[in-house]
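To be precise, the following lines are final-v3.cif, and they hold mmCIF, C-alpha atoms.
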data_query
loop_
_atom_site.label_atom_id
_atom_site.label_comp_id
_atom_site.auth_asym_id
_atom_site.auth_seq_id
_atom_site.Cartn_x
_atom_site.Cartn_y
_atom_site.Cartn_z
CA MET A 699 42.05 77.96 209.58
CA LYS A 700 43.29 79.42 206.31
CA SER A 701 44.81 76.14 205.25
CA ILE A 702 42.60 73.67 207.08
CA LYS A 703 39.70 74.36 204.70
CA PHE A 704 41.69 72.86 201.84
CA ILE A 705 42.41 69.74 203.88
CA ILE A 706 38.70 69.42 204.68
CA ALA A 707 37.77 69.82 201.00
CA GLY A 708 40.33 67.11 200.21
CA ILE A 709 38.91 64.80 202.88
CA LEU A 710 35.44 65.25 201.42
CA PHE A 711 36.81 64.42 197.97
CA GLY A 712 38.71 61.38 199.27
CA ILE A 713 35.71 59.98 201.10
CA VAL A 714 33.28 60.39 198.23
CA MET A 715 35.70 58.94 195.67
CA SER A 716 36.16 55.92 197.93
CA LYS A 717 32.55 55.44 198.87
CA SER A 718 31.38 55.63 195.26
CA GLU A 719 34.15 53.16 194.27
CA ALA A 720 35.55 55.63 191.70
CA ILE A 721 39.05 54.78 192.95
CA SER A 722 38.66 51.15 191.92
CA TRP A 723 40.52 49.66 188.96
CA TYR A 724 37.43 47.48 188.40
CA ARG A 725 35.13 50.50 188.01
CA ILE A 726 37.45 52.11 185.45
CA GLN A 727 37.52 48.86 183.45
CA GLU A 728 33.73 48.69 183.62
CA MET A 729 33.59 52.28 182.33
CA PHE A 730 35.94 51.67 179.38
CA ARG A 731 33.93 48.56 178.53
CA PHE A 732 30.66 50.56 178.65
CA GLN A 733 29.12 47.89 180.87
CA ASP A 734 27.57 50.04 183.56
CA PHE A 735 26.27 53.55 183.97
CA HIS A 736 28.02 54.08 187.32
CA MET A 737 31.10 56.12 186.30
CA TYR A 738 29.16 58.01 183.62
CA GLY A 739 26.58 58.85 186.28
CA ILE A 740 29.29 60.23 188.58
CA ILE A 741 31.03 62.32 185.92
CA GLY A 742 27.73 63.30 184.26
CA THR A 743 26.12 64.55 187.49
CA ALA A 744 29.28 66.47 188.41
CA VAL A 745 29.44 68.09 184.95
CA VAL A 746 25.75 69.06 184.81
CA LEU A 747 25.85 70.61 188.29
CA GLY A 748 29.27 72.12 187.62
CA THR A 749 28.03 73.75 184.41
CA ILE A 750 25.02 75.26 186.18
CA ALA A 751 27.22 76.54 189.02
CA THR A 752 29.73 78.03 186.57
CA LEU A 753 26.95 79.79 184.62
CA VAL A 754 25.44 81.18 187.83
CA ILE A 755 28.82 82.43 189.05
CA LYS A 756 29.45 84.19 185.72
CA LYS A 757 25.92 85.54 185.32
CA PHE A 758 25.86 87.15 188.76
CA ASN A 759 29.58 88.01 188.85
CA LEU A 760 29.88 86.21 192.17
CA ARG A 761 32.96 86.80 194.27
CA ASP A 762 34.95 84.37 196.37
CA PHE A 763 35.00 84.35 200.19
CA GLN A 764 37.73 86.99 200.20
CA GLY A 765 35.71 89.29 197.98
CA ASN A 766 37.80 88.78 194.83
CA PRO A 767 36.06 88.15 191.52
CA ILE A 768 35.99 84.47 190.49
CA VAL A 769 37.84 84.22 187.20
CA PHE A 770 37.77 81.33 184.74
CA THR A 771 40.84 81.13 182.53
CA PRO A 772 39.90 79.86 179.08
CA LYS A 773 42.09 77.03 177.82
CA GLU A 774 44.24 77.80 174.80
CA MET A 775 42.86 76.20 171.65
CA SER A 776 44.83 73.40 170.03
CA VAL A 777 43.97 69.96 168.71
CA PRO A 778 47.24 67.96 168.74
CA ARG A 779 48.10 68.94 172.30
CA TYR A 780 44.82 67.72 173.76
CA ILE A 781 44.39 64.67 171.56
CA ILE A 782 47.96 63.35 171.93
CA GLY A 783 48.32 64.32 175.58
CA GLY A 784 44.85 63.04 176.37
CA THR A 785 45.46 59.72 174.62
CA ILE A 786 48.72 59.15 176.52
CA PHE A 787 46.87 59.95 179.74
CA GLY A 788 44.07 57.54 178.86
CA LEU A 789 46.53 54.71 178.16
CA GLY A 790 47.82 55.05 181.71
CA TRP A 791 44.42 55.66 183.27
CA ALA A 792 43.03 52.33 182.05
CA LEU A 793 46.24 50.50 182.96
CA THR A 794 46.51 51.62 186.59
CA GLY A 795 42.77 52.23 187.01
CA ALA A 796 43.48 55.49 188.79
CA CYS A 797 43.79 59.06 187.60
CA PRO A 798 45.91 61.42 189.74
CA GLY A 799 43.30 62.09 192.48
CA PRO A 800 42.35 58.45 193.11
CA MET A 801 46.06 57.49 193.08
CA PHE A 802 46.50 59.36 196.33
CA VAL A 803 43.16 58.25 197.78
CA ASN A 804 44.46 54.69 197.29
CA VAL A 805 47.42 55.54 199.51
CA GLY A 806 44.89 56.23 202.28
CA PHE A 807 43.41 52.83 201.52
CA SER A 808 46.82 51.26 202.24
CA TYR A 809 47.31 50.00 198.67
CA TRP A 810 51.03 50.67 198.93
CA ALA A 811 51.74 49.36 195.44
CA ILE A 812 50.22 52.58 194.11
CA PHE A 813 53.44 54.38 195.14
CA ILE A 814 55.05 52.77 192.10
CA ALA A 815 52.44 54.49 189.91
CA ILE A 816 52.90 57.78 191.78
CA GLY A 817 56.65 57.55 191.22
CA GLY A 818 55.98 56.90 187.54
CA ALA A 819 53.60 59.86 187.36
CA LEU A 820 56.22 62.20 188.86
CA ALA A 821 58.82 60.88 186.38
CA GLY A 822 56.36 61.38 183.50
CA THR A 823 55.62 64.92 184.63
CA TYR A 824 59.35 65.63 184.85
CA LEU A 825 60.02 64.25 181.37
CA TYR A 826 57.22 66.38 179.94
CA GLY A 827 58.73 69.46 181.56
CA ALA A 828 62.14 68.60 180.15
CA ILE A 829 61.07 68.02 176.53
CA LYS A 830 57.93 70.15 176.23
CA ASP A 831 59.47 72.63 173.78
CA LYS A 832 60.14 69.80 171.33
CA LEU A 833 56.55 68.52 171.38
CA PRO A 834 53.74 69.70 169.09
CA HIS A 835 51.31 71.86 171.06
CA MET B 1495 22.43 55.73 209.33
CA LEU B 1496 25.74 54.00 209.95
CA GLU B 1497 24.57 51.11 207.86
CA PHE B 1498 23.78 53.47 204.99
CA ILE B 1499 27.19 55.11 205.28
CA SER B 1500 29.05 51.82 205.27
CA GLN B 1501 27.35 50.68 202.04
CA PRO B 1502 28.78 51.85 198.71
CA TRP B 1503 27.19 55.17 197.76
CA PRO B 1504 25.14 55.62 194.58
CA TRP B 1505 26.69 57.53 191.69
CA TYR B 1506 24.63 60.68 192.12
CA THR B 1507 25.90 61.32 195.66
CA SER B 1508 29.41 61.22 194.27
CA GLY B 1509 28.56 63.52 191.34
CA ILE B 1510 26.90 66.02 193.66
CA VAL B 1511 29.81 66.08 196.11
CA ILE B 1512 32.43 66.37 193.35
CA ALA B 1513 30.57 69.37 191.90
CA PHE B 1514 30.31 70.78 195.44
CA VAL B 1515 34.08 70.40 195.95
CA MET B 1516 34.72 72.14 192.62
CA VAL B 1517 32.45 75.07 193.58
CA LEU B 1518 33.94 75.20 197.09
CA LEU B 1519 37.44 75.59 195.63
CA LEU B 1520 36.19 78.36 193.33
CA PHE B 1521 34.83 80.22 196.36
CA PHE B 1522 38.18 79.67 198.07
CA GLY B 1523 39.67 81.53 195.08
CA LYS B 1524 41.25 78.40 193.55
CA SER B 1525 40.43 75.99 190.75
CA PHE B 1526 39.94 72.23 190.90
CA GLY B 1527 42.78 70.40 189.15
CA PHE B 1528 44.54 67.54 190.86
CA SER B 1529 47.40 66.71 188.49
CA ALA B 1530 48.94 70.18 188.96
CA ASN B 1531 50.18 68.70 192.24
CA LEU B 1532 52.55 66.43 190.34
CA ARG B 1533 54.25 69.47 188.82
CA THR B 1534 54.30 71.18 192.23
CA ILE B 1535 55.93 68.14 193.87
CA CYS B 1536 58.60 68.02 191.13
CA SER B 1537 59.27 71.71 191.74
CA ALA B 1538 59.37 71.31 195.53
CA CYS B 1539 61.93 68.52 195.03
CA GLY B 1540 64.22 70.95 193.21
CA ALA B 1541 63.40 70.11 189.57
CA GLY B 1542 63.40 73.85 188.86
CA LYS B 1543 67.19 73.86 188.97
CA SER B 1544 67.46 71.71 185.87
CA VAL B 1545 64.19 72.35 184.02
CA LYS B 1546 62.58 75.76 183.53
CA PHE B 1547 59.03 74.32 183.58
CA PHE B 1548 59.46 73.60 187.29
CA ASP B 1549 61.08 76.93 188.13
CA PHE B 1550 58.15 78.68 189.79
CA ASP B 1551 57.08 79.55 193.30
CA TRP B 1552 55.67 76.15 194.23
CA ARG B 1553 54.62 77.47 197.66
CA SER B 1554 51.85 79.40 195.92
CA GLN B 1555 50.38 75.97 195.12
CA SER B 1556 50.65 74.60 198.64
CA TRP B 1557 46.85 74.88 199.03
CA ASN B 1558 46.55 72.10 196.42
CA LEU B 1559 49.08 69.94 198.27
CA LEU B 1560 46.89 70.32 201.36
CA PHE B 1561 43.95 69.16 199.26
CA LEU B 1562 46.06 66.14 198.27
CA VAL B 1563 46.84 65.39 201.93
CA GLY B 1564 43.10 65.65 202.64
CA ALA B 1565 42.37 63.17 199.82
CA ILE B 1566 44.72 60.64 201.44
CA ILE B 1567 43.08 61.19 204.84
CA GLY B 1568 39.66 60.80 203.21
CA GLY B 1569 40.73 57.46 201.75
CA PHE B 1570 42.02 56.38 205.15
CA ILE B 1571 38.79 57.37 206.94
CA SER B 1572 36.73 55.50 204.35
CA ALA B 1573 38.82 52.36 204.61
CA GLU B 1574 39.00 52.34 208.40
CA PHE B 1575 35.62 53.62 209.52
CA LEU B 1576 33.12 53.83 206.66
CA SER B 1577 33.67 50.58 204.83
CA SER B 1578 31.68 47.38 204.99
CA GLY B 1579 34.60 45.62 203.32
CA GLU B 1580 32.32 44.34 200.58
CA PRO B 1581 33.77 43.75 197.12
CA VAL B 1582 33.23 46.41 194.45
CA GLN B 1583 29.84 45.87 192.86
CA ILE B 1584 30.75 45.85 189.19
CA SER B 1585 28.55 44.39 186.51
CA GLN B 1586 28.52 40.68 185.73
CA ALA B 1587 29.62 41.37 182.15
CA THR B 1588 32.79 43.10 183.37
CA ILE B 1589 33.55 40.28 185.80
CA GLN B 1590 33.29 37.76 182.95
CA ASP B 1591 35.45 39.84 180.58
CA LEU B 1592 38.13 40.27 183.22
CA GLN B 1593 38.08 36.59 184.14
CA GLN B 1594 38.94 35.79 180.54
CA LEU B 1595 42.03 37.94 181.04
CA GLY B 1596 42.82 36.03 184.22
CA ILE B 1597 41.78 38.76 186.64
CA SER B 1598 39.62 37.39 189.41
CA ALA B 1599 36.24 38.79 190.47
CA PRO B 1600 36.43 41.64 193.01
CA ASP B 1601 37.33 40.66 196.53
CA GLY B 1602 37.85 44.21 197.80
CA MET B 1603 38.47 47.57 196.14
CA GLN B 1604 41.36 46.54 193.86
CA PRO B 1605 42.44 43.41 191.98
CA THR B 1606 45.16 41.46 193.79
CA GLU B 1607 46.64 40.62 190.37
CA ILE B 1608 47.82 44.26 190.13
CA PHE B 1609 47.69 45.85 193.58
CA SER B 1610 48.98 43.19 195.96
CA LEU B 1611 52.62 43.77 196.89
CA SER B 1612 53.55 40.30 195.67
CA ALA B 1613 52.14 41.15 192.21
CA ALA B 1614 53.59 44.68 192.20
CA PHE B 1615 57.11 43.37 192.78
CA THR B 1616 57.17 40.99 189.85
CA LEU B 1617 58.76 42.55 186.77
CA LYS B 1618 55.43 42.58 184.92
CA GLY B 1619 53.47 44.00 187.84
CA PHE B 1620 56.08 46.66 188.54
CA LEU B 1621 56.15 47.80 184.91
CA ILE B 1622 52.33 47.96 184.68
CA LEU B 1623 52.15 50.40 187.57
CA LEU B 1624 55.30 52.31 186.68
CA LEU B 1625 54.53 52.79 182.98
CA GLY B 1626 50.83 53.38 183.67
CA GLY B 1627 51.75 56.08 186.16
CA PHE B 1628 54.34 57.50 183.77
CA ALA B 1629 51.76 57.86 180.98
CA ILE B 1630 49.35 59.53 183.39
CA GLY B 1631 51.94 62.07 184.55
CA PHE B 1632 53.28 62.80 181.07
CA GLY B 1633 49.86 62.86 179.42
CA ALA B 1634 48.21 65.00 182.09
CA ARG B 1635 50.78 67.77 181.74
CA TYR B 1636 50.89 67.49 177.94
CA ALA B 1637 47.09 67.80 177.81
CA GLY B 1638 47.19 70.50 180.49
CA GLY B 1639 45.00 68.65 182.99
CA CYS B 1640 43.48 65.38 184.12
CA THR B 1641 39.98 64.19 184.89
CA SER B 1642 39.33 66.94 187.45
CA GLY B 1643 40.81 69.81 185.42
CA HIS B 1644 39.38 68.83 182.02
CA ALA B 1645 36.44 66.43 182.42
CA ILE B 1646 34.95 68.26 185.42
CA SER B 1647 36.17 71.89 185.62
CA GLY B 1648 36.90 72.39 181.91
CA ILE B 1649 33.72 70.90 180.48
CA SER B 1650 31.67 72.70 183.18
CA ASN B 1651 33.14 75.90 181.75
CA LEU B 1652 32.18 74.69 178.24
CA GLN B 1653 35.79 74.55 177.07
CA LEU B 1654 36.20 72.83 173.70
CA PRO B 1655 39.87 71.96 174.48
CA SER B 1656 38.68 70.02 177.53
CA LEU B 1657 36.20 68.07 175.44
CA ILE B 1658 39.01 67.21 172.99
CA ALA B 1659 41.20 66.11 175.91
CA VAL B 1660 38.43 63.86 177.27
CA ILE B 1661 38.02 62.31 173.81
CA GLY B 1662 41.76 61.63 173.99
CA PHE B 1663 41.36 60.06 177.45
CA PHE B 1664 38.87 57.64 175.92
CA ILE B 1665 40.97 56.85 172.86
CA GLY B 1666 43.85 55.91 175.17
CA GLY B 1667 41.61 54.07 177.62
CA LEU B 1668 40.02 51.99 174.87
CA ILE B 1669 43.42 51.12 173.37
CA THR B 1670 44.62 49.88 176.76
CA THR B 1671 41.38 48.01 177.46
CA TYR B 1672 41.02 46.23 174.13
CA VAL B 1673 44.59 46.02 172.84
CA LEU B 1674 47.15 46.29 175.63
CA LEU B 1675 45.42 44.39 178.46
CA PRO B 1676 44.84 41.23 176.35
CA LEU B 1677 48.52 41.37 175.34
CA ILE B 1678 49.75 41.89 178.91
CA PHE B 1679 47.50 39.38 180.72
#

Structure rendered as structure tokens:
Amino acid sequence: MKSIKFIIAGILFGIVMSKSEAISWYRIQEMFRFQDFHMYGIIGTAVVLGTIATLVIKKFNLRDFQGNPIVFTPKEMSVPRYIIGGTIFGLGWALTGACPGPMFVNVGFSYWAIFIAIGGALAGTYLYGAIKDKLPH
Amino acid sequence: MLEFISQPWPWYTSGIVIAFVMVLLLFFGKSFGFSANLRTICSACGAGKSVKFFDFDWRSQSWNLLFLVGAIIGGFISAEFLSSGEPVQISQATIQDLQQLGISAPDGMQPTEIFSLSAAFTLKGFLILLLGGFAIGFGARYAGGCTSGHAISGISNLQLPSLIAVIGFFIGGLITTYVLLPLIF
């Protein structure tokens, strides 16, 4: 039971990403071409509701199901790290049409070619780990 | 009911459920960030022996790997049981733009020009997926998160760094869309 709840949360995520077509290369192209509201609607709704939920959790000091305080770790401020890293990420996102979550949802959809992208993503993660001290952060 | 489920869902259902998943993970004592799994998998494969960045107790992140397994199952359930098999309903303008690049109108979820095995195992097709994936993995860790960690969790927590990262996502995405794709296709 302890671990099954994470699988169920993942299933929910996988289903909704599929059913709203957010795992589709076509939808990501449509988003980067600003030709439909669909993807902005998805991200926008999630952010508005997420912001309200985060404010409520902080305001009322809500605790998690185990009774521990819910903590939000602030992200360390930097510009080059987020701009350069983000841009590299975006180059790949528009090319494969899938960010890390949808990559794996596509496996469930039997698009086996996505394993090439997953292999690339693991290699990219490894290279970052290997050279991170030489990069501007 | 079944008919409704098998149709594509409107954007707000997706936004609501994604926010729900984020909040659910917070109440499970975790935080929503998918790309951390890539680091965890590297570590579980023994990358910690050669690179310090991967030398951590990856088992502490196994909850996120379970989430990843769930995401795959969710995709499978959608494809097998909840899908009408209709093509993705993108706008006419996008269809026309993509046709000029030589990518046909949607026939299912993904373009065959990129995702069919016959396309993926040409040199060009293989490199598109490999290098695209590589940039995603490298960029996500460099920026400290992906769409879930920055665009959803981070901006919901009003983090300026996350907003900067999302601006970066769009700079990269626009370069690929308007510069790289016309060169590649």

Please evaluate the PyMOL selection byres ((chain B and resi 1649) around 12) against the displayed coordinates and give the resulting residues as a VMD selection string.
(chain A and resid 741 to 742 744 to 750 752 to 753 770 772 to 773) or (chain B and resid 1513 1639 to 1648 1650 to 1661)

Run the PyMOL selection byres ((chain B and resi 1588-1593) around 9) mentally over the shown coordinates, then write out the matched residues as a ChimeraX atom specification, using the chain letters and numbers from the document.
/A:724,727-728,731,733-734 /B:1584-1587,1594-1600

With a distance cut-off of 7 Å and all atoms listed in the file, select the neighbouring residues of Ile781 in chain A, excluding the residue or stretch itself and same-chain residues fewer than 3 positions from it, and output the selection as a list in words.
Val777, Pro778, Gly784 and Thr785 of chain A; Ile1658, Ala1659 and Gly1662 of chain B

Nearby residues (all atoms listed in the file) at most 9 Å from Arg725 in chain A, same-chain spacing under 2 positions excluded, as a list in words
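The residues satisfying every condition are Glu719, Ala720, Ile721, Ser722, Trp723, Gln727, Glu728, Met729, Phe730, Asp734, His736, Met737 and Gly795 of chain A; Val1582, Gln1583 and Ile1584 of chain B.
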
Given the file above and the PyMOL selection byres ((chain B and resi 1621) around 12), which residues are selected, and can you give them as a list of chain:residue names?
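For this structure, the PyMOL selection byres ((chain B and resi 1621) around 12) captures A:Gly790, A:Leu793, A:Thr794, A:Ala811, A:Ile812, A:Ile814, A:Ala815, A:Gly817, A:Gly818, B:Ile1608, B:Ala1613, B:Ala1614, B:Phe1615, B:Thr1616, B:Leu1617, B:Lys1618, B:Gly1619, B:Phe1620, B:Ile1622, B:Leu1623, B:Leu1624, B:Leu1625, B:Gly1626, B:Gly1627, B:Phe1628, B:Ala1629, B:Ile1678.
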
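Note that the spacing between CA of Phe1548 in chain B and CA of Gly708 in chain A amounts to 24.0 Å.
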
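Interatomic distance, CA of Asn1531 in chain B to CA of Leu1559 in chain B: 6.3 Å.
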
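Counting from CA of Ile705 in chain A, the distance to CA of Gln1501 in chain B is 24.4 Å.
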
Pick from B:Thr1534, B:Gln1604, B:Arg1553, B:Phe1679: nearest to chain A, with only C-alpha atoms counted?
B:Gln1604

Mind giving me the axis-aligned box for range 1611-1615 of chain B with 6 Å on every side, centre plus edges in Å to one decimal, as AutoDock Vina command-line options?
--center_x 54.6 --center_y 42.5 --center_z 194.5 --size_x 17.0 --size_y 16.4 --size_z 16.7

Residues at most 9 Å from Lys703 in chain A, counting only C-alpha atoms, excluding those fewer than 6 positions away in the same chain, as a list in words?
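These residues fall inside the cut-off: Phe1522, Leu1560 and Phe1561 of chain B.
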
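Using only C-alpha atoms for every distance, the candidate list A:Ile702, A:Trp810, A:Leu833, A:Asp762 yields A:Asp762 as the residue closest to chain B.
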
Would you mind listing what lies within 12 Å of Leu1532 in chain B as number ranges by chain, with only C-alpha atoms counted and same-chain residues fewer than 4 positions away left out?
A: 797-799, 801-802, 815-827; B: 1527-1528, 1536-1539, 1541, 1548, 1552, 1555-1556, 1558-1559, 1562, 1627-1628, 1630-1635, 1638-1640

Hey, can you spit out that residue selection with C-alpha atoms as a compact mmCIF listing (two decimals), in the frame of the given file?
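The resulting file, again-v2.txt, is reproduced below:
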# COMPACT_ATOMS: atom_id res chain seq x y z
CA CYS A 797 43.79 59.06 187.60
CA PRO A 798 45.91 61.42 189.74
CA GLY A 799 43.30 62.09 192.48
CA MET A 801 46.06 57.49 193.08
CA PHE A 802 46.50 59.36 196.33
CA ALA A 815 52.44 54.49 189.91
CA ILE A 816 52.90 57.78 191.78
CA GLY A 817 56.65 57.55 191.22
CA GLY A 818 55.98 56.90 187.54
CA ALA A 819 53.60 59.86 187.36
CA LEU A 820 56.22 62.20 188.86
CA ALA A 821 58.82 60.88 186.38
CA GLY A 822 56.36 61.38 183.50
CA THR A 823 55.62 64.92 184.63
CA TYR A 824 59.35 65.63 184.85
CA LEU A 825 60.02 64.25 181.37
CA TYR A 826 57.22 66.38 179.94
CA GLY A 827 58.73 69.46 181.56
CA GLY B 1527 42.78 70.40 189.15
CA PHE B 1528 44.54 67.54 190.86
CA CYS B 1536 58.60 68.02 191.13
CA SER B 1537 59.27 71.71 191.74
CA ALA B 1538 59.37 71.31 195.53
CA CYS B 1539 61.93 68.52 195.03
CA ALA B 1541 63.40 70.11 189.57
CA PHE B 1548 59.46 73.60 187.29
CA TRP B 1552 55.67 76.15 194.23
CA GLN B 1555 50.38 75.97 195.12
CA SER B 1556 50.65 74.60 198.64
CA ASN B 1558 46.55 72.10 196.42
CA LEU B 1559 49.08 69.94 198.27
CA LEU B 1562 46.06 66.14 198.27
CA GLY B 1627 51.75 56.08 186.16
CA PHE B 1628 54.34 57.50 183.77
CA ILE B 1630 49.35 59.53 183.39
CA GLY B 1631 51.94 62.07 184.55
CA PHE B 1632 53.28 62.80 181.07
CA GLY B 1633 49.86 62.86 179.42
CA ALA B 1634 48.21 65.00 182.09
CA ARG B 1635 50.78 67.77 181.74
CA GLY B 1638 47.19 70.50 180.49
CA GLY B 1639 45.00 68.65 182.99
CA CYS B 1640 43.48 65.38 184.12
